[in-house]
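This is final03.pdb. It holds PDB, C-alpha atoms.
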```pdb
ATOM      1  CA  MET A   1     -21.359   3.513  -6.033
ATOM      2  CA  PRO A   2     -20.895   0.137  -4.272
ATOM      3  CA  VAL A   3     -17.633  -0.373  -2.386
ATOM      4  CA  PRO A   4     -15.593  -3.278  -3.867
ATOM      5  CA  PRO A   5     -15.287  -6.356  -1.573
ATOM      6  CA  VAL A   6     -11.522  -5.935  -1.424
ATOM      7  CA  LEU A   7      -9.193  -6.170   1.586
ATOM      8  CA  GLY A   8      -7.034  -3.092   2.025
ATOM      9  CA  LEU A   9      -3.489  -4.034   3.092
ATOM     10  CA  ILE A  10      -1.240  -1.324   4.515
ATOM     11  CA  LEU A  11       2.455  -2.218   4.315
ATOM     12  CA  ALA A  12       4.296  -1.052   7.428
ATOM     13  CA  GLY A  13       7.145  -3.535   7.653
ATOM     14  CA  GLY A  14      10.015  -1.374   6.412
ATOM     15  CA  GLN A  15      12.966  -0.533   8.663
ATOM     16  CA  ALA A  16      12.948   3.230   7.871
ATOM     17  CA  ARG A  17      16.740   3.510   7.756
ATOM     18  CA  ARG A  18      16.638   6.917   6.036
ATOM     19  CA  MET A  19      14.404   8.217   8.823
ATOM     20  CA  GLY A  20      16.736   6.913  11.525
ATOM     21  CA  GLY A  21      14.770   3.716  12.199
ATOM     22  CA  GLY A  22      11.408   3.064  13.809
ATOM     23  CA  ASP A  23       7.942   2.858  12.295
ATOM     24  CA  LYS A  24       7.465   5.429   9.541
ATOM     25  CA  PRO A  25       3.665   5.108   9.584
ATOM     26  CA  LEU A  26       3.672   6.370  13.183
ATOM     27  CA  LEU A  27       5.416   9.616  12.241
ATOM     28  CA  ARG A  28       3.198  12.662  12.638
ATOM     29  CA  LEU A  29       2.148  14.940   9.804
ATOM     30  CA  ASP A  30       0.327  18.088  10.935
ATOM     31  CA  GLY A  31      -0.586  16.460  14.246
ATOM     32  CA  ARG A  32      -1.768  13.081  12.960
ATOM     33  CA  THR A  33       0.174   9.941  12.121
ATOM     34  CA  LEU A  34       0.809   8.916   8.541
ATOM     35  CA  LEU A  35      -1.002   5.668   9.331
ATOM     36  CA  GLU A  36      -4.113   7.519  10.474
ATOM     37  CA  ARG A  37      -4.113   9.432   7.207
ATOM     38  CA  VAL A  38      -3.685   6.288   5.115
ATOM     39  CA  VAL A  39      -6.506   4.558   7.025
ATOM     40  CA  GLU A  40      -8.755   7.563   6.472
ATOM     41  CA  ARG A  41      -8.070   7.498   2.727
ATOM     42  CA  LEU A  42      -8.120   3.749   2.120
ATOM     43  CA  GLY A  43     -10.694   2.452   4.609
ATOM     44  CA  PRO A  44     -13.862   3.783   2.930
ATOM     45  CA  GLN A  45     -12.744   2.250  -0.380
ATOM     46  CA  CYS A  46     -12.422  -1.349   0.886
ATOM     47  CA  GLY A  47     -15.586  -3.323   1.510
ATOM     48  CA  ALA A  48     -13.645  -6.143   3.192
ATOM     49  CA  GLY A  49     -11.921  -3.879   5.718
ATOM     50  CA  LEU A  50      -8.247  -3.245   6.414
ATOM     51  CA  ALA A  51      -5.199  -5.207   7.577
ATOM     52  CA  LEU A  52      -1.722  -4.027   8.513
ATOM     53  CA  SER A  53       1.479  -5.820   7.500
ATOM     54  CA  ALA A  54       3.979  -5.340  10.330
ATOM     55  CA  ASN A  55       6.431  -7.425  12.341
ATOM     56  CA  GLY A  56       7.237  -7.115  16.029
ATOM     57  CA  ASP A  57       4.900  -6.220  18.865
ATOM     58  CA  PRO A  58       1.468  -5.434  17.386
ATOM     59  CA  ALA A  59       0.531  -3.431  20.500
ATOM     60  CA  ARG A  60       2.199  -0.337  19.048
ATOM     61  CA  PHE A  61      -0.605  -0.289  16.466
ATOM     62  CA  SER A  62      -3.345  -0.770  19.054
ATOM     63  CA  GLY A  63      -5.605   1.833  17.453
ATOM     64  CA  PHE A  64      -5.561   0.194  14.027
ATOM     65  CA  PRO A  65      -9.041  -0.952  12.880
ATOM     66  CA  GLY A  66      -8.068  -4.441  11.711
ATOM     67  CA  PRO A  67      -5.640  -7.335  12.195
ATOM     68  CA  VAL A  68      -1.865  -6.833  12.285
ATOM     69  CA  LEU A  69      -0.242  -9.507  10.121
ATOM     70  CA  PRO A  70       3.402 -10.561  10.631
ATOM     71  CA  ASP A  71       5.461 -11.925   7.759
ATOM     72  CA  PRO A  72       4.686 -15.616   7.131
ATOM     73  CA  LEU A  73       8.372 -16.214   6.293
ATOM     74  CA  PRO A  74      11.511 -15.604   8.415
ATOM     75  CA  ASP A  75      14.226 -12.978   8.019
ATOM     76  CA  GLN A  76      12.004 -10.129   6.805
ATOM     77  CA  PRO A  77      12.306 -10.815   3.066
ATOM     78  CA  GLY A  78      10.716  -7.512   2.062
ATOM     79  CA  PRO A  79       7.349  -6.169   0.911
ATOM     80  CA  LEU A  80       6.389  -9.316  -0.986
ATOM     81  CA  ALA A  81       6.278 -11.182   2.325
ATOM     82  CA  GLY A  82       3.794  -8.623   3.622
ATOM     83  CA  ILE A  83       1.731  -8.992   0.477
ATOM     84  CA  LEU A  84       1.795 -12.773   0.910
ATOM     85  CA  ALA A  85       0.526 -12.345   4.483
ATOM     86  CA  GLY A  86      -2.338 -10.250   3.161
ATOM     87  CA  LEU A  87      -3.206 -12.703   0.391
ATOM     88  CA  GLU A  88      -3.246 -15.657   2.781
ATOM     89  CA  HIS A  89      -5.339 -13.775   5.330
ATOM     90  CA  ALA A  90      -7.802 -12.673   2.652
ATOM     91  CA  ALA A  91      -8.099 -16.135   1.134
ATOM     92  CA  GLY A  92      -8.737 -17.613   4.572
ATOM     93  CA  HIS A  93     -11.702 -15.267   4.966
ATOM     94  CA  GLY A  94     -13.191 -15.872   1.523
ATOM     95  CA  MET A  95     -11.869 -12.699  -0.104
ATOM     96  CA  ALA A  96     -10.684 -12.797  -3.696
ATOM     97  CA  ARG A  97      -8.575  -9.633  -3.945
ATOM     98  CA  VAL A  98      -6.267  -7.424  -1.911
ATOM     99  CA  VAL A  99      -5.160  -3.842  -2.540
ATOM    100  CA  SER A 100      -1.750  -3.067  -1.027
ATOM    101  CA  VAL A 101      -0.549   0.449  -0.256
ATOM    102  CA  SER A 102       2.441   1.989   1.477
ATOM    103  CA  GLY A 103       1.967   3.000   5.096
ATOM    104  CA  ASP A 104       3.840   6.252   4.470
ATOM    105  CA  ALA A 105       1.735   7.628   1.576
ATOM    106  CA  PRO A 106      -0.651  10.188   3.120
ATOM    107  CA  PHE A 107      -2.228  11.519  -0.087
ATOM    108  CA  LEU A 108      -3.659   8.335  -1.621
ATOM    109  CA  PRO A 109      -6.353   8.894  -4.275
ATOM    110  CA  GLU A 110      -9.954   8.581  -3.166
ATOM    111  CA  ASP A 111     -10.695   6.512  -6.289
ATOM    112  CA  LEU A 112      -7.677   4.191  -5.958
ATOM    113  CA  VAL A 113      -9.465   0.896  -5.338
ATOM    114  CA  ALA A 114     -12.289   1.468  -7.817
ATOM    115  CA  ARG A 115      -9.906   2.328 -10.626
ATOM    116  CA  LEU A 116      -7.539  -0.549  -9.902
ATOM    117  CA  CYS A 117     -10.504  -2.942  -9.902
ATOM    118  CA  ALA A 118     -11.660  -1.531 -13.244
ATOM    119  CA  ALA A 119      -8.214  -1.647 -14.836
ATOM    120  CA  GLY A 120      -7.955  -5.363 -15.562
ATOM    121  CA  PRO A 121      -9.513  -8.804 -15.160
ATOM    122  CA  GLU A 122     -10.464 -10.001 -11.686
ATOM    123  CA  SER A 123      -7.800 -12.708 -11.836
ATOM    124  CA  GLY A 124      -4.956 -10.301 -12.671
ATOM    125  CA  ILE A 125      -2.675  -7.754 -11.030
ATOM    126  CA  ALA A 126      -3.326  -4.030 -11.473
ATOM    127  CA  LEU A 127      -0.700  -1.396 -10.638
ATOM    128  CA  ALA A 128      -1.031   2.252  -9.748
ATOM    129  CA  ALA A 129       1.137   4.750 -11.615
ATOM    130  CA  SER A 130       1.718   8.479 -11.422
ATOM    131  CA  GLY A 131       3.149  10.056 -14.505
ATOM    132  CA  ALA A 132       5.625   7.568 -15.977
ATOM    133  CA  ARG A 133       6.362   5.869 -12.653
ATOM    134  CA  ARG A 134       4.740   2.566 -11.714
ATOM    135  CA  HIS A 135       4.286   1.873  -8.001
ATOM    136  CA  PHE A 136       4.825  -1.850  -7.495
ATOM    137  CA  THR A 137       3.579  -1.972  -3.904
ATOM    138  CA  ILE A 138       0.440   0.089  -4.588
ATOM    139  CA  ALA A 139      -1.446  -2.569  -6.454
ATOM    140  CA  LEU A 140      -4.392  -4.939  -6.664
ATOM    141  CA  TRP A 141      -3.536  -8.624  -6.153
ATOM    142  CA  PRO A 142      -5.757 -11.691  -6.675
ATOM    143  CA  THR A 143      -5.467 -14.188  -3.849
ATOM    144  CA  ILE A 144      -5.057 -17.033  -6.374
ATOM    145  CA  LEU A 145      -1.415 -15.903  -6.730
ATOM    146  CA  ARG A 146      -0.534 -16.701  -3.130
ATOM    147  CA  ASP A 147       0.918 -20.181  -3.754
ATOM    148  CA  ASP A 148       3.100 -18.945  -6.608
ATOM    149  CA  LEU A 149       4.235 -16.008  -4.490
ATOM    150  CA  ARG A 150       5.167 -18.298  -1.592
ATOM    151  CA  ASP A 151       7.180 -20.504  -3.980
ATOM    152  CA  TYR A 152       8.863 -17.421  -5.466
ATOM    153  CA  LEU A 153       9.932 -16.182  -2.041
ATOM    154  CA  GLY A 154      10.982 -19.691  -1.023
ATOM    155  CA  ARG A 155      13.510 -19.688  -3.876
ATOM    156  CA  GLY A 156      15.130 -16.593  -2.371
ATOM    157  CA  GLU A 157      13.577 -14.139  -4.825
ATOM    158  CA  ARG A 158      12.745 -10.695  -3.427
ATOM    159  CA  ARG A 159      12.078  -8.362  -6.367
ATOM    160  CA  VAL A 160       8.507  -7.117  -6.535
ATOM    161  CA  GLY A 161       8.811  -5.975 -10.148
ATOM    162  CA  ALA A 162      10.147  -9.334 -11.296
ATOM    163  CA  PHE A 163       7.224 -11.163  -9.702
ATOM    164  CA  ILE A 164       4.773  -8.795 -11.372
ATOM    165  CA  ASP A 165       6.502  -9.324 -14.726
ATOM    166  CA  ARG A 166       5.919 -13.079 -14.348
ATOM    167  CA  HIS A 167       2.182 -12.482 -14.406
ATOM    168  CA  GLY A 168       1.731  -9.201 -16.238
ATOM    169  CA  ALA A 169      -0.264  -6.289 -14.902
ATOM    170  CA  ALA A 170      -2.786  -3.699 -15.957
ATOM    171  CA  VAL A 171      -1.976  -0.099 -15.022
ATOM    172  CA  ALA A 172      -4.175   2.731 -13.772
ATOM    173  CA  SER A 173      -2.476   6.125 -13.896
ATOM    174  CA  TRP A 174      -2.950   9.378 -11.989
ATOM    175  CA  PRO A 175      -1.425  12.799 -12.743
ATOM    176  CA  VAL A 176       1.410  14.131 -10.606
ATOM    177  CA  GLU A 177       0.013  17.674 -10.471
ATOM    178  CA  PRO A 178      -0.889  19.498  -8.302
ATOM    179  CA  VAL A 179       0.576  16.760  -6.070
ATOM    180  CA  ASP A 180       1.678  13.200  -6.686
ATOM    181  CA  PRO A 181      -1.004  11.150  -4.870
ATOM    182  CA  PHE A 182       1.575   8.424  -4.222
ATOM    183  CA  LEU A 183       4.160  10.688  -2.616
ATOM    184  CA  ASN A 184       5.719   8.669   0.178
ATOM    185  CA  VAL A 185       7.764   9.786   3.149
ATOM    186  CA  ASN A 186      11.254   8.269   3.128
ATOM    187  CA  THR A 187      13.356  11.054   4.630
ATOM    188  CA  PRO A 188      12.935  14.019   7.005
ATOM    189  CA  GLU A 189      12.918  16.223   3.902
ATOM    190  CA  ASP A 190      10.003  14.224   2.487
ATOM    191  CA  LEU A 191       8.106  14.702   5.730
ATOM    192  CA  ALA A 192       8.661  18.457   5.593
ATOM    193  CA  ALA A 193       7.517  18.532   1.967
ATOM    194  CA  ALA A 194       4.365  16.550   2.811
ATOM    195  CA  GLU A 195       3.678  18.936   5.703
ATOM    196  CA  ALA A 196       3.928  21.893   3.320
ATOM    197  CA  LEU A 197       1.592  20.244   0.819
ATOM    198  CA  GLY A 198      -0.947  19.479   3.515
ATOM    199  CA  LEU A 199      -0.923  23.012   4.859
ATOM    200  CA  ARG A 200      -1.167  24.461   1.345
ATOM    201  CA  SER A 201      -4.247  22.332   0.619
ATOM    202  CA  GLY A 202      -6.115  24.216   3.323
ATOM    203  CA  SER A 203      -7.913  21.087   4.537
ATOM    204  CA  GLU A 204      -5.663  19.282   7.016
ATOM    205  CA  GLY A 205      -3.654  17.571   4.289
ATOM    206  CA  HIS A 206      -6.637  16.336   2.291
ATOM    207  CA  VAL A 207      -5.265  16.771  -1.186
ATOM    208  CA  SER A 208      -7.989  15.217  -3.329
ATOM    209  CA  GLY A 209      -5.783  12.902  -5.420
ATOM    210  CA  ARG A 210      -8.624  12.238  -7.842
ATOM    211  CA  SER A 211      -7.790  11.365 -11.413
ATOM    212  CA  SER A 212      -9.421  13.073 -14.342
ATOM    213  CA  GLY A 213      -8.847  10.167 -16.674
ATOM    214  CA  ALA A 214      -7.713   6.580 -17.161
TER     215      ALA A 214
END
```
As a first step, turn the structure in this file into structure tokens.
Amino acid sequence: MPVPPVLGLILAGGQARRMGGGDKPLLRLDGRTLLERVVERLGPQCGAGLALSANGDPARFSGFPGPVLPDPLPDQPGPLAGILAGLEHAAGHGMARVVSVSGDAPFLPEDLVARLCAAGPESGIALAASGARRHFTIALWPTILRDDLRDYLGRGERRVGAFIDRHGAAVASWPVEPVDPFLNVNTPEDLAAAEALGLRSGSEGHVSGRSSGA
């Protein structure tokens, strides 16, 4: 199956307050960083490569296989600023779509990008969901939305869900059993739970995350 010509954007700009600060994607799970695990899952799915949304000194991500993109707006206005950075970078390199994921989600589905691309029209947003929960920052974004997103942020708006509601979105859903593929690590307890899931999988944390249906 051909790999979609999509840029994979890993969002790593959060302040990790519930983890005591620092870069959550650099936390280690069974000997490897969360970021390494996300790259391993997402990279093969993205024909246009990967980019990382992060502020501050990019040298701390020196092993990342792609550009590190700072927010294009001041004052760290949240994940939408990181998504805007990805859309502008992609558009500048002739790419039409970006898939964003959280940098602290080590069990991403292996069919994430393909199913998001199939979920809706090329000019629209597509969201990932697990069970009844929609994941606003794990989504497919067309780069044609970048000007509207910049205007939205310029008006002081920050809510990801409200921006999505402006445009509508298709949804691709995955089951939450045996493990939610979009489990993210927000607290030390989450990290311990992810460690247990990885060890129980018997394959260095490679829970398959594949969906059996739309």
Might you spell out which residues the PyMOL selection byres ((chain A and resi 150-159) around 9) would select in the displayed file, as a count of residues only? 17
Tell me which of A:Ala132, A:Ala126, A:Leu87, A:Ala192 sits closest to A:Leu27, counting all atoms listed in the file.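 Of A:Ala132, A:Ala126, A:Leu87, A:Ala192, the one nearest A:Leu27, counting all atoms listed in the file, is A:Ala192.
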Atom CA of A:Thr143 to atom CA of A:Ala91, straight-line distance in Å: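 One can read the atom CA of A:Ala91 to atom CA of A:Thr143 distance as 6.0 Å.
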In terms of the shortest atom-to-atom distance over all atoms listed in the file, which of A:Asp104, A:Ala85, A:Ala51, A:Arg97 is closest to A:Thr187?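 Using all atoms listed in the file, the shortest distance to A:Thr187 belongs to A:Asp104.
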Nearest to A:Phe182, chosen from A:Val101, A:Ile125, A:Leu34, A:Leu11, with all atoms listed in the file counted in the distances: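 Smallest distance to A:Phe182 is found for A:Val101.
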So, with all atoms listed in the file as the atoms that count, which of A:Thr33, A:Leu116, A:Gly124, A:Leu7 lies closest to A:Gly47?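 Under the stated criterion, the closest residue is A:Leu7.
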Please provide as a PyMOL selection string all residues within 8 Å of A:Val98, with the sequence filter that same-chain residues fewer than 6 positions apart are discarded (counting all atoms listed in the file). chain A and resi 6-9+86-87+90+140-143
Take the selection from the previous step and output its residues with C-alpha atoms, as a PDB file, keeping the file's coordinate frame.
```
ATOM      1  CA  VAL A   6     -11.522  -5.935  -1.424  1.00  0.00           C
ATOM      2  CA  LEU A   7      -9.193  -6.170   1.586  1.00  0.00           C
ATOM      3  CA  GLY A   8      -7.034  -3.092   2.025  1.00  0.00           C
ATOM      4  CA  LEU A   9      -3.489  -4.034   3.092  1.00  0.00           C
ATOM      5  CA  GLY A  86      -2.338 -10.250   3.161  1.00  0.00           C
ATOM      6  CA  LEU A  87      -3.206 -12.703   0.391  1.00  0.00           C
ATOM      7  CA  ALA A  90      -7.802 -12.673   2.652  1.00  0.00           C
ATOM      8  CA  LEU A 140      -4.392  -4.939  -6.664  1.00  0.00           C
ATOM      9  CA  TRP A 141      -3.536  -8.624  -6.153  1.00  0.00           C
ATOM     10  CA  PRO A 142      -5.757 -11.691  -6.675  1.00  0.00           C
ATOM     11  CA  THR A 143      -5.467 -14.188  -3.849  1.00  0.00           C
TER      12      THR A 143
END
```
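Here atom CA of A:His89 is placed at a distance of 16.3 Å from atom CA of A:Gly13.
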Separation of atom CA of A:His93 from atom CA of A:Phe64, in Å and rounded to one decimal: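 Taking atom CA of A:His93 and atom CA of A:Phe64, their separation equals 18.9 Å.
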Explicit residues for the PyMOL selection byres ((chain A and resi 67-70) around 8) (as a tab-separated table (two decimals) with C-alpha atoms, in the coordinates of the input):
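As written to disk, expr-v4.tsv reads:
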```
chain	number	residue	atom	x	y	z
A	50	LEU	CA	-8.25	-3.24	6.41
A	51	ALA	CA	-5.20	-5.21	7.58
A	52	LEU	CA	-1.72	-4.03	8.51
A	53	SER	CA	1.48	-5.82	7.50
A	54	ALA	CA	3.98	-5.34	10.33
A	55	ASN	CA	6.43	-7.42	12.34
A	56	GLY	CA	7.24	-7.12	16.03
A	58	PRO	CA	1.47	-5.43	17.39
A	61	PHE	CA	-0.60	-0.29	16.47
A	64	PHE	CA	-5.56	0.19	14.03
A	65	PRO	CA	-9.04	-0.95	12.88
A	66	GLY	CA	-8.07	-4.44	11.71
A	71	ASP	CA	5.46	-11.92	7.76
A	72	PRO	CA	4.69	-15.62	7.13
A	82	GLY	CA	3.79	-8.62	3.62
A	85	ALA	CA	0.53	-12.34	4.48
A	86	GLY	CA	-2.34	-10.25	3.16
```
Counting all atoms listed in the file, which residue out of A:Arg134, A:Arg115, A:Arg166, A:Lys24 sits closest to A:Gly103?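 Residue with the minimum atom-to-atom distance to A:Gly103: A:Lys24.
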Report the centre and edge lengths, in Å to one decimal, of an axis-aligned box enclosing every atom of stretch 149-152 of chain A listed in the file, padded by 5 Å on each side, as lines of an AutoDock Vina configuration file.
```
center_x = 6.5
center_y = -18.3
center_z = -3.5
size_x = 14.6
size_y = 14.5
size_z = 13.9
```
Select, from A:Cys46, A:Leu197, A:Leu29, A:Ile10, the residue with the minimum atom-to-atom distance to A:Asp111, counting all atoms listed in the file.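 Using all atoms listed in the file, A:Asp111 sits closest to A:Cys46.
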